[in-house]
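What follows is the content of target.tsv (TSV, C-alpha atoms and all ligand atoms).
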chain	number	residue	atom	x	y	z
A	283	MET	CA	68.15	130.12	109.54
A	284	SER	CA	71.08	132.17	108.21
A	285	GLU	CA	71.13	135.91	107.67
A	286	SER	CA	70.56	135.49	103.93
A	287	THR	CA	67.47	133.30	104.44
A	288	VAL	CA	64.43	134.81	102.74
A	289	ARG	CA	61.64	134.89	105.29
A	290	ILE	CA	58.09	134.49	104.05
A	291	GLY	CA	55.37	135.56	106.47
A	292	LEU	CA	52.22	133.46	106.40
A	293	VAL	CA	49.93	135.81	108.27
A	294	LEU	CA	47.23	134.31	110.50
A	295	PRO	CA	46.87	130.93	108.77
A	296	ASP	CA	44.74	129.81	111.73
A	297	VAL	CA	41.96	132.26	110.83
A	298	MET	CA	42.75	133.30	107.24
A	299	GLY	CA	43.53	129.91	105.78
A	300	THR	CA	40.16	128.44	104.96
A	301	TYR	CA	40.72	128.01	101.23
A	302	GLY	CA	44.22	126.54	101.08
A	303	ASP	CA	45.77	129.94	100.43
A	304	GLY	CA	48.70	128.96	102.67
A	305	GLY	CA	49.89	127.22	99.52
A	306	ASN	CA	51.01	130.62	98.23
A	307	ALA	CA	53.74	130.74	100.87
A	308	VAL	CA	54.83	127.21	99.91
A	309	ILE	CA	55.07	128.23	96.24
A	310	LEU	CA	57.22	131.26	97.10
A	311	ARG	CA	59.54	129.12	99.22
A	312	GLN	CA	59.83	126.45	96.54
A	313	ARG	CA	60.57	128.93	93.73
A	314	LEU	CA	63.29	130.49	95.91
A	315	ARG	CA	64.84	127.14	96.84
A	316	MET	CA	64.87	125.97	93.21
A	317	ARG	CA	67.01	129.02	92.48
A	318	GLY	CA	69.43	128.26	95.28
A	319	HIS	CA	68.13	130.65	97.95
A	320	ASP	CA	67.55	129.65	101.54
A	321	ALA	CA	63.90	130.33	102.31
A	322	GLU	CA	61.63	129.70	105.27
A	323	ILE	CA	57.96	130.22	106.03
A	324	VAL	CA	57.28	132.08	109.27
A	325	GLU	CA	53.75	131.33	110.45
A	326	ILE	CA	52.17	134.16	112.43
A	327	PRO	CA	49.20	132.81	114.42
A	328	LEU	CA	46.55	134.78	116.26
A	329	THR	CA	48.50	134.33	119.50
A	330	GLU	CA	51.56	136.28	118.26
A	331	PRO	CA	52.30	139.86	117.22
A	332	VAL	CA	52.95	140.42	113.50
A	333	PRO	CA	56.69	141.03	112.92
A	334	ASN	CA	57.64	143.92	110.65
A	335	SER	CA	60.98	142.45	109.58
A	336	LEU	CA	60.03	139.69	107.11
A	337	ASP	CA	60.85	139.82	103.38
A	338	VAL	CA	57.42	139.05	101.93
A	339	TYR	CA	53.98	138.43	103.43
A	340	THR	CA	50.93	136.42	102.36
A	341	LEU	CA	47.40	136.46	103.76
A	342	GLY	CA	44.58	134.10	102.79
A	343	GLY	CA	40.80	134.23	102.55
A	344	ALA	CA	38.35	133.64	105.37
A	345	GLU	CA	34.73	133.63	106.42
A	346	ASP	CA	33.23	136.81	107.86
A	347	SER	CA	33.78	135.94	111.55
A	348	ALA	CA	37.39	134.80	111.07
A	349	GLN	CA	37.99	137.88	108.95
A	350	ARG	CA	36.89	140.06	111.85
A	351	LEU	CA	39.33	138.38	114.27
A	352	ALA	CA	42.14	138.92	111.77
A	353	THR	CA	41.24	142.59	111.34
A	354	ARG	CA	41.41	143.22	115.06
A	355	HIS	CA	44.76	141.45	115.34
A	356	LEU	CA	46.36	143.41	112.49
A	357	GLN	CA	45.13	146.68	114.02
A	358	ARG	CA	46.53	145.74	117.42
A	359	TYR	CA	49.92	144.61	116.01
A	360	PRO	CA	50.72	146.82	112.99
A	361	GLY	CA	53.84	144.91	111.83
A	362	LEU	CA	52.33	144.24	108.41
A	363	GLN	CA	51.52	147.92	107.86
A	364	GLU	CA	55.08	148.88	108.93
A	365	ALA	CA	56.59	146.32	106.53
A	366	ALA	CA	54.40	147.56	103.67
A	367	GLY	CA	55.48	151.10	104.55
A	368	ARG	CA	59.12	150.18	103.82
A	369	GLY	CA	58.09	148.48	100.56
A	370	ALA	CA	57.93	144.80	101.56
A	371	PRO	CA	55.72	142.90	99.11
A	372	VAL	CA	52.40	141.64	100.48
A	373	LEU	CA	49.93	139.27	98.78
A	374	ALA	CA	46.36	139.50	100.09
A	375	ILE	CA	43.76	136.98	98.96
A	376	CYS	CA	40.00	137.58	98.94
A	377	ALA	CA	38.88	138.41	102.51
A	378	ALA	CA	42.36	139.83	103.07
A	379	ILE	CA	41.69	142.52	100.42
A	380	GLN	CA	38.64	143.50	102.41
A	381	VAL	CA	40.53	143.48	105.73
A	382	LEU	CA	43.29	145.68	104.31
A	383	GLY	CA	40.80	148.24	102.95
A	384	HIS	CA	39.20	151.22	104.71
A	385	TRP	CA	36.12	149.22	105.74
A	386	TYR	CA	34.01	146.25	104.74
A	387	GLU	CA	30.44	145.25	105.38
A	388	THR	CA	29.78	141.64	106.40
A	389	SER	CA	26.95	139.60	104.83
A	390	SER	CA	24.78	140.57	107.82
A	391	GLY	CA	25.31	144.27	107.08
A	392	GLU	CA	27.73	145.15	109.89
A	393	ARG	CA	30.44	147.64	108.88
A	394	VAL	CA	33.94	146.85	110.16
A	395	ASP	CA	36.87	149.28	109.97
A	396	GLY	CA	39.82	147.78	108.08
A	397	VAL	CA	43.55	148.30	108.22
A	398	GLY	CA	43.69	151.05	105.57
A	399	LEU	CA	46.54	149.72	103.41
A	400	PHE	CA	44.24	149.69	100.38
A	401	ASP	CA	42.09	152.59	99.19
A	402	VAL	CA	39.09	150.29	98.81
A	403	THR	CA	35.73	149.59	100.46
A	404	THR	CA	33.70	146.37	100.29
A	405	SER	CA	29.96	145.74	100.53
A	406	PRO	CA	28.02	142.49	100.10
A	407	GLN	CA	26.48	141.92	96.67
A	408	ASP	CA	23.16	140.22	95.93
A	409	LYS	CA	24.76	137.18	94.41
A	410	ARG	CA	27.84	135.25	95.61
A	411	ALA	CA	30.57	135.02	92.96
A	412	ILE	CA	31.71	131.40	92.70
A	413	GLY	CA	33.71	129.86	89.90
A	414	GLU	CA	36.73	130.19	87.67
A	415	VAL	CA	38.05	133.70	87.15
A	416	ALA	CA	40.54	134.81	84.52
A	417	THR	CA	41.98	138.25	83.84
A	418	GLN	CA	44.43	140.11	81.66
A	419	PRO	CA	46.92	141.86	83.95
A	420	LEU	CA	47.03	145.66	83.99
A	421	VAL	CA	50.21	145.95	86.04
A	422	PRO	CA	53.59	146.76	84.45
A	423	GLY	CA	55.80	143.68	84.78
A	424	LEU	CA	52.97	141.18	84.33
A	425	SER	CA	51.95	140.01	80.85
A	426	GLN	CA	50.54	136.47	81.27
A	427	PRO	CA	46.80	135.89	81.80
A	428	LEU	CA	45.92	135.34	85.46
A	429	THR	CA	43.76	132.41	86.57
A	430	GLY	CA	42.08	131.49	89.84
A	431	PHE	CA	38.94	130.36	91.57
A	432	GLU	CA	36.75	132.98	93.23
A	433	ASN	CA	34.29	132.51	96.07
A	434	HIS	CA	33.08	135.73	97.67
A	435	ARG	CA	30.00	137.79	98.28
A	436	GLY	CA	31.77	141.06	98.95
A	437	GLY	CA	32.13	143.53	96.08
A	438	THR	CA	35.18	145.80	96.29
A	439	LYS	CA	35.22	149.36	95.00
A	440	LEU	CA	38.63	150.88	94.23
A	441	GLY	CA	39.42	154.45	95.28
A	442	GLY	CA	41.81	156.75	93.42
A	443	ASP	CA	44.99	155.43	95.09
A	444	ALA	CA	44.20	151.79	94.34
A	445	LYS	CA	44.93	150.33	90.89
A	446	PRO	CA	43.33	147.14	89.55
A	447	LEU	CA	45.41	143.99	89.13
A	448	GLY	CA	43.62	142.82	85.99
A	449	ARG	CA	40.67	143.17	83.60
A	450	VAL	CA	38.22	140.28	83.88
A	451	THR	CA	37.93	138.00	80.85
A	452	LYS	CA	35.99	135.29	82.69
A	453	GLY	CA	34.11	135.34	85.99
A	454	VAL	CA	33.22	138.26	88.27
A	455	GLY	CA	36.35	139.74	89.89
A	456	ASN	CA	35.89	142.66	92.28
A	457	GLY	CA	32.16	142.40	91.69
A	458	VAL	CA	31.03	146.03	91.43
A	459	GLY	CA	30.38	146.05	87.69
A	460	ASP	CA	33.61	147.71	86.55
A	461	GLY	CA	35.09	144.54	85.01
A	462	LEU	CA	38.17	144.78	87.24
A	463	GLU	CA	39.88	142.22	89.46
A	464	GLY	CA	42.19	142.73	92.38
A	465	VAL	CA	44.03	145.75	93.67
A	466	VAL	CA	47.59	147.02	93.70
A	467	GLN	CA	48.78	149.84	95.92
A	468	GLY	CA	52.48	150.35	96.49
A	469	SER	CA	54.01	146.99	97.33
A	470	VAL	CA	50.68	145.48	98.41
A	471	LEU	CA	48.77	143.35	95.95
A	472	GLY	CA	45.31	141.87	96.48
A	473	THR	CA	43.29	139.40	94.42
A	474	TYR	CA	40.08	137.40	94.68
A	475	MET	CA	41.88	134.45	93.09
A	476	HIS	CA	42.18	131.38	95.26
A	477	GLY	CA	43.73	128.35	93.71
A	478	PRO	CA	46.25	128.93	95.37
A	479	ALA	CA	46.86	131.93	93.14
A	480	LEU	CA	50.63	131.52	92.94
A	481	ALA	CA	50.47	127.83	91.97
A	482	ARG	CA	48.48	128.86	88.92
A	483	ASN	CA	50.32	132.10	88.20
A	484	PRO	CA	54.10	131.68	88.41
A	485	GLU	CA	54.70	135.10	86.87
A	486	LEU	CA	52.84	136.66	89.79
A	487	ALA	CA	54.93	134.62	92.24
A	488	ASP	CA	58.14	135.90	90.66
A	489	TYR	CA	56.77	139.46	90.59
A	490	LEU	CA	56.54	139.29	94.41
A	491	LEU	CA	59.90	137.54	94.75
A	492	CYS	CA	61.70	140.15	92.65
A	493	ARG	CA	60.45	142.80	95.05
A	494	ALA	CA	61.36	140.72	98.08
A	495	LEU	CA	64.91	140.22	96.79
A	496	GLY	CA	65.29	143.71	95.29
A	497	VAL	CA	66.13	142.39	91.81
A	498	ASP	CA	64.67	143.20	88.36
A	499	SER	CA	64.33	139.60	87.20
A	500	LEU	CA	64.91	136.00	88.24
A	501	PRO	CA	66.23	133.05	86.19
A	502	PRO	CA	63.28	131.22	84.59
A	503	LEU	CA	62.21	127.83	85.96
A	504	ASP	CA	61.28	125.06	83.58
A	505	LEU	CA	58.19	123.46	85.14
A	506	PRO	CA	56.08	121.68	82.49
A	507	GLU	CA	53.52	120.56	85.13
A	508	VAL	CA	52.79	124.19	85.99
A	509	ASP	CA	52.43	125.06	82.30
A	510	GLN	CA	49.99	122.19	81.91
A	511	LEU	CA	47.98	123.26	84.98
A	512	ARG	CA	47.72	126.76	83.53
A	513	ARG	CA	46.60	125.47	80.13
A	514	GLU	CA	43.90	123.34	81.76
A	515	ARG	CA	42.66	126.13	84.03
A	516	LEU	CA	42.62	128.78	81.34
A	517	ARG	CA	40.70	126.41	79.08
A	518	ALA	CA	38.18	125.53	81.86
B	601	LIG	N1	33.78	136.75	103.59
B	601	LIG	C1	34.22	137.39	102.37
B	601	LIG	C2	33.18	137.40	101.25
B	601	LIG	O1	32.31	136.56	101.17
B	601	LIG	C3	35.50	136.74	101.90
B	601	LIG	C4	35.35	135.33	101.42
B	601	LIG	C5	36.66	134.68	101.05
B	601	LIG	O2	37.72	135.02	101.53
B	601	LIG	N2	36.57	133.70	100.21
B	601	LIG	O3	33.25	138.30	100.42

Rewritten as structure tokens:
Amino acid sequence: MSESTVRIGLVLPDVMGTYGDGGNAVILRQRLRMRGHDAEIVEIPLTEPVPNSLDVYTLGGAEDSAQRLATRHLQRYPGLQEAAGRGAPVLAICAAIQVLGHWYETSSGERVDGVGLFDVTTSPQDKRAIGEVATQPLVPGLSQPLTGFENHRGGTKLGGDAKPLGRVTKGVGNGVGDGLEGVVQGSVLGTYMHGPALARNPELADYLLCRALGVDSLPPLDLPEVDQLRRERLRA
């Protein structure tokens, strides 16, 4: 690994990797390599402290019990919070939104203190949200519809410091009746979209990469298969 290698942190894939969200790190690496950058994925398992020095971080979804283990680990080793504090981009999927909030309640009603990177709280809803989700982004720099697959019971309420990622056009999203999906606060971005989200949403992948590299834009990639996947998913 050279000094210019872009290092992508895949945070706790052993407990927060239930839904294939590790694919998001693979997408980031591939989009970097196709543009001539050296890029590596650094896996951070539950047996290791979280480093604060990586260029971009991704966290996946998880079941309630795994989510609790991850919360404890991130509180014990605050490398992710330190990295976010210096503006490193972070992508948090589903359970990871809940973990990074102030607190979340599990399906059995237990309240767990979160990491506090997001001004959000999460409580279980009556009905599990499962199925395709699509949104129109509300974040400057993103213009393409977002697509993913949601599977969660938690409903996430945004506080004043947290902005939504998108407005729901299909599916449930954050699940508290406000028609919003996801959360953006500083350099940290959360979404209920599995899929993996970045395979379906290349614009979102490049949004994170621009911040990781400190550039305004990246050369476009011509990937007809990705365009076709998006067409199929947005039609579904
Ligand atoms: N356990 C959480 C919920 O049901 C998160 C699930 C997930 O990450 N898919 O809301």

- Task: Have a look at CA of Asn483 in chain A and CA of Phe400 in chain A and let me know their distance in Å, one decimal.
- Result: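 One can read the CA of Asn483 in chain A to CA of Phe400 in chain A distance as 22.2 Å.
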
- Note on the structure: Min atom-atom distance to ligand LIG 601 (chain B) from the set A:Met283, A:Val293, A:Ile379, A:Val308, counting only C-alpha atoms and all ligand atoms, belongs to A:Ile379

Using all atoms listed in the file, tabulate the residues of range 383-477 of chain A lying at most 12 Å from any atom of range 364-370 of chain A, each with its closest atom pair and that distance in Å to one decimal, by chain and increasing residue number, as a tab-separated table.
residue	atom	partner	partner_atom	distance
A:Val397	CA	A:Glu364	CA	11.6
A:Gly398	CA	A:Ala366	CA	11.4
A:Leu399	CA	A:Ala366	CA	8.2
A:Phe400	CA	A:Ala366	CA	10.9
A:Gln467	CA	A:Ala366	CA	9.8
A:Gly468	CA	A:Gly369	CA	7.2
A:Ser469	CA	A:Gly369	CA	5.4
A:Val470	CA	A:Ala366	CA	6.8
A:Leu471	CA	A:Ala366	CA	10.4

- Could you please give me, as a list of chain:residue names, the residues of protein, DNA or RNA lying at most 9 Å from (59.5, 133.3, 98.0) in the coordinate frame of the file, considering only C-alpha atoms?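 So the residues meeting the distance criterion are A:Val288, A:Arg289, A:Ile290, A:Asn306, A:Ala307, A:Val308, A:Ile309, A:Leu310, A:Arg311, A:Gln312, A:Arg313, A:Leu314, A:Arg315, A:Ala321, A:Glu322, A:Ile323, A:Asp337, A:Val338, A:Ala487, A:Asp488, A:Leu490, A:Leu491, A:Cys492, A:Ala494, A:Leu495.
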
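If you measure from each of A:Arg482, A:Arg512, A:His434, A:His319 to Ala344 in chain A using all atoms listed in the file, the closest one turns out to be A:His434.
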
- Would you mind reading off the distance between CA of Asn433 in chain A and CA of Val324 in chain A, one decimal, in Å? 26.5 Å

- Pick out the residues no farther than 6 Å from ligand LIG 601 (chain B), counting all atoms listed in the file, and list them as a list in words. Gly343, Ala344, Glu345, Asp346, Cys376, Ala377, Asn433, His434, Arg435 and Gly436 of chain A

Expected file: the selected residues, C-alpha atoms, as a compact mmCIF listing (two decimals), in the coordinates of the input:
# COMPACT_ATOMS: atom_id res chain seq x y z
CA GLY A 343 40.80 134.23 102.55
CA ALA A 344 38.35 133.64 105.37
CA GLU A 345 34.73 133.63 106.42
CA ASP A 346 33.23 136.81 107.86
CA CYS A 376 40.00 137.58 98.94
CA ALA A 377 38.88 138.41 102.51
CA ASN A 433 34.29 132.51 96.07
CA HIS A 434 33.08 135.73 97.67
CA ARG A 435 30.00 137.79 98.28
CA GLY A 436 31.77 141.06 98.95

- Task: Can you work out which one of A:Glu514, A:Glu432, A:Asp320, A:Glu485 has the shortest atom-to-atom distance to Ser284 in chain A, counting all atoms listed in the file?
- Result: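 So, comparing all the options, the nearest one is A:Asp320.
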
- Atom pair CA of Gly430 in chain A / CA of Gly455 in chain A: separation (Å):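 If I compute the distance from CA of Gly430 in chain A to CA of Gly455 in chain A, I get 10.0 Å.
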
- For the point (52.3, 136.7, 105.1) in file coordinates, what residues are within 6 Å, counting only C-alpha atoms? Give the answer as a ChimeraX atom specification? /A:291-293,339-341

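Ranking A:Glu387, A:Glu330, A:Asp509, A:Asp460 by their shortest atom-to-atom distance to Tyr359 in chain A, with all atoms listed in the file included, puts A:Glu330 first.
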
- Task: Check the smallest atom-to-atom distance from each of A:Gly457, A:Gly477, A:Gly437, A:Gly413 to Ala518 in chain A using only C-alpha atoms, then report the winner.
- Result: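 Using only C-alpha atoms, the shortest distance to Ala518 in chain A belongs to A:Gly413.
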
- Skipping near chain neighbours, those fewer than 3 positions away, what residues fall within 9 Å of range 425-428 of chain A using only C-alpha atoms, listed as a PyMOL selection string? chain A and resi 415-422+448+475+479+482-483+485-486+512+516

Emit the selected residues as a PDB file, keeping the file's coordinate frame, including C-alpha atoms.
ATOM      1  CA  VAL A 415      38.050 133.700  87.150  1.00  0.00           C
ATOM      2  CA  ALA A 416      40.540 134.810  84.520  1.00  0.00           C
ATOM      3  CA  THR A 417      41.980 138.250  83.840  1.00  0.00           C
ATOM      4  CA  GLN A 418      44.430 140.110  81.660  1.00  0.00           C
ATOM      5  CA  PRO A 419      46.920 141.860  83.950  1.00  0.00           C
ATOM      6  CA  LEU A 420      47.030 145.660  83.990  1.00  0.00           C
ATOM      7  CA  VAL A 421      50.210 145.950  86.040  1.00  0.00           C
ATOM      8  CA  PRO A 422      53.590 146.760  84.450  1.00  0.00           C
ATOM      9  CA  GLY A 448      43.620 142.820  85.990  1.00  0.00           C
ATOM     10  CA  MET A 475      41.880 134.450  93.090  1.00  0.00           C
ATOM     11  CA  ALA A 479      46.860 131.930  93.140  1.00  0.00           C
ATOM     12  CA  ARG A 482      48.480 128.860  88.920  1.00  0.00           C
ATOM     13  CA  ASN A 483      50.320 132.100  88.200  1.00  0.00           C
ATOM     14  CA  GLU A 485      54.700 135.100  86.870  1.00  0.00           C
ATOM     15  CA  LEU A 486      52.840 136.660  89.790  1.00  0.00           C
ATOM     16  CA  ARG A 512      47.720 126.760  83.530  1.00  0.00           C
ATOM     17  CA  LEU A 516      42.620 128.780  81.340  1.00  0.00           C
TER      18      LEU A 516
END

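Among the candidate residues A:Gly302, A:Pro333, A:Gly464, A:Pro484, the one lying nearest to Pro502 in chain A is A:Pro484, with distances computed using all atoms listed in the file.
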
- Residues near Leu328 in chain A, cut-off 8 Å, all atoms listed in the file, skip fewer than 3 positions along chain, as a PyMOL selection string: chain A and resi 294+296-297+331+352+355

Some atoms are missing, so please complete range 443-470 of chain A with N, CA and C atoms and return it as an mmCIF file, keeping the file's coordinate frame.
data_model
loop_
_atom_site.group_PDB
_atom_site.id
_atom_site.type_symbol
_atom_site.label_atom_id
_atom_site.label_comp_id
_atom_site.auth_asym_id
_atom_site.auth_seq_id
_atom_site.Cartn_x
_atom_site.Cartn_y
_atom_site.Cartn_z
ATOM 1 N N ASP A 443 43.605 155.866 94.830
ATOM 2 C CA ASP A 443 44.990 155.430 95.090
ATOM 3 C C ASP A 443 45.198 153.945 94.808
ATOM 4 N N ALA A 444 44.114 153.235 94.557
ATOM 5 C CA ALA A 444 44.200 151.790 94.340
ATOM 6 C C ALA A 444 44.059 151.495 92.852
ATOM 7 N N LYS A 445 44.986 150.712 92.314
ATOM 8 C CA LYS A 445 44.930 150.330 90.890
ATOM 9 C C LYS A 445 44.449 148.880 90.801
ATOM 10 N N PRO A 446 43.747 148.544 89.702
ATOM 11 C CA PRO A 446 43.330 147.140 89.550
ATOM 12 C C PRO A 446 44.494 146.243 89.182
ATOM 13 N N LEU A 447 44.392 144.962 89.543
ATOM 14 C CA LEU A 447 45.410 143.990 89.130
ATOM 15 C C LEU A 447 45.162 143.529 87.695
ATOM 16 N N GLY A 448 43.892 143.316 87.344
ATOM 17 C CA GLY A 448 43.620 142.820 85.990
ATOM 18 C C GLY A 448 42.227 143.196 85.509
ATOM 19 N N ARG A 449 42.010 142.982 84.185
ATOM 20 C CA ARG A 449 40.670 143.170 83.600
ATOM 21 C C ARG A 449 40.070 141.779 83.402
ATOM 22 N N VAL A 450 38.848 141.609 83.880
ATOM 23 C CA VAL A 450 38.220 140.280 83.880
ATOM 24 C C VAL A 450 37.893 139.827 82.461
ATOM 25 N N THR A 451 38.308 138.598 82.132
ATOM 26 C CA THR A 451 37.930 138.000 80.850
ATOM 27 C C THR A 451 36.956 136.834 81.086
ATOM 28 N N LYS A 452 36.923 136.358 82.325
ATOM 29 C CA LYS A 452 35.990 135.290 82.690
ATOM 30 C C LYS A 452 35.709 135.399 84.180
ATOM 31 N N GLY A 453 34.436 135.265 84.583
ATOM 32 C CA GLY A 453 34.110 135.340 85.990
ATOM 33 C C GLY A 453 33.693 136.749 86.404
ATOM 34 N N VAL A 454 33.797 137.029 87.700
ATOM 35 C CA VAL A 454 33.220 138.260 88.270
ATOM 36 C C VAL A 454 34.299 139.266 88.691
ATOM 37 N N GLY A 455 35.318 138.808 89.417
ATOM 38 C CA GLY A 455 36.350 139.740 89.890
ATOM 39 C C GLY A 455 35.856 140.556 91.078
ATOM 40 N N ASN A 456 36.203 141.833 91.105
ATOM 41 C CA ASN A 456 35.890 142.660 92.280
ATOM 42 C C ASN A 456 34.388 142.797 92.523
ATOM 43 N N GLY A 457 33.596 142.583 91.486
ATOM 44 C CA GLY A 457 32.160 142.400 91.690
ATOM 45 C C GLY A 457 31.337 143.667 91.844
ATOM 46 N N VAL A 458 31.850 144.809 91.356
ATOM 47 C CA VAL A 458 31.030 146.030 91.430
ATOM 48 C C VAL A 458 30.699 146.548 90.036
ATOM 49 N N GLY A 459 30.837 145.698 89.041
ATOM 50 C CA GLY A 459 30.380 146.050 87.690
ATOM 51 C C GLY A 459 31.386 146.809 86.847
ATOM 52 N N ASP A 460 32.627 146.958 87.342
ATOM 53 C CA ASP A 460 33.610 147.710 86.550
ATOM 54 C C ASP A 460 34.530 146.798 85.727
ATOM 55 N N GLY A 461 34.296 145.493 85.803
ATOM 56 C CA GLY A 461 35.090 144.540 85.010
ATOM 57 C C GLY A 461 36.528 144.399 85.491
ATOM 58 N N LEU A 462 36.791 144.812 86.734
ATOM 59 C CA LEU A 462 38.170 144.780 87.240
ATOM 60 C C LEU A 462 38.324 143.683 88.302
ATOM 61 N N GLU A 463 39.571 143.241 88.442
ATOM 62 C CA GLU A 463 39.880 142.220 89.460
ATOM 63 C C GLU A 463 41.108 142.657 90.220
ATOM 64 N N GLY A 464 41.012 142.526 91.549
ATOM 65 C CA GLY A 464 42.190 142.730 92.380
ATOM 66 C C GLY A 464 42.540 144.194 92.577
ATOM 67 N N VAL A 465 43.605 144.386 93.326
ATOM 68 C CA VAL A 465 44.030 145.750 93.670
ATOM 69 C C VAL A 465 45.538 145.754 93.907
ATOM 70 N N VAL A 466 46.163 146.840 93.463
ATOM 71 C CA VAL A 466 47.590 147.020 93.700
ATOM 72 C C VAL A 466 47.786 148.433 94.229
ATOM 73 N N GLN A 467 48.468 148.518 95.354
ATOM 74 C CA GLN A 467 48.780 149.840 95.920
ATOM 75 C C GLN A 467 50.151 149.758 96.570
ATOM 76 N N GLY A 468 51.105 150.474 95.997
ATOM 77 C CA GLY A 468 52.480 150.350 96.490
ATOM 78 C C GLY A 468 52.945 148.916 96.329
ATOM 79 N N SER A 469 53.489 148.359 97.397
ATOM 80 C CA SER A 469 54.010 146.990 97.330
ATOM 81 C C SER A 469 52.964 145.953 97.737
ATOM 82 N N VAL A 470 51.723 146.391 97.930
ATOM 83 C CA VAL A 470 50.680 145.480 98.410
ATOM 84 C C VAL A 470 49.747 145.115 97.270
#
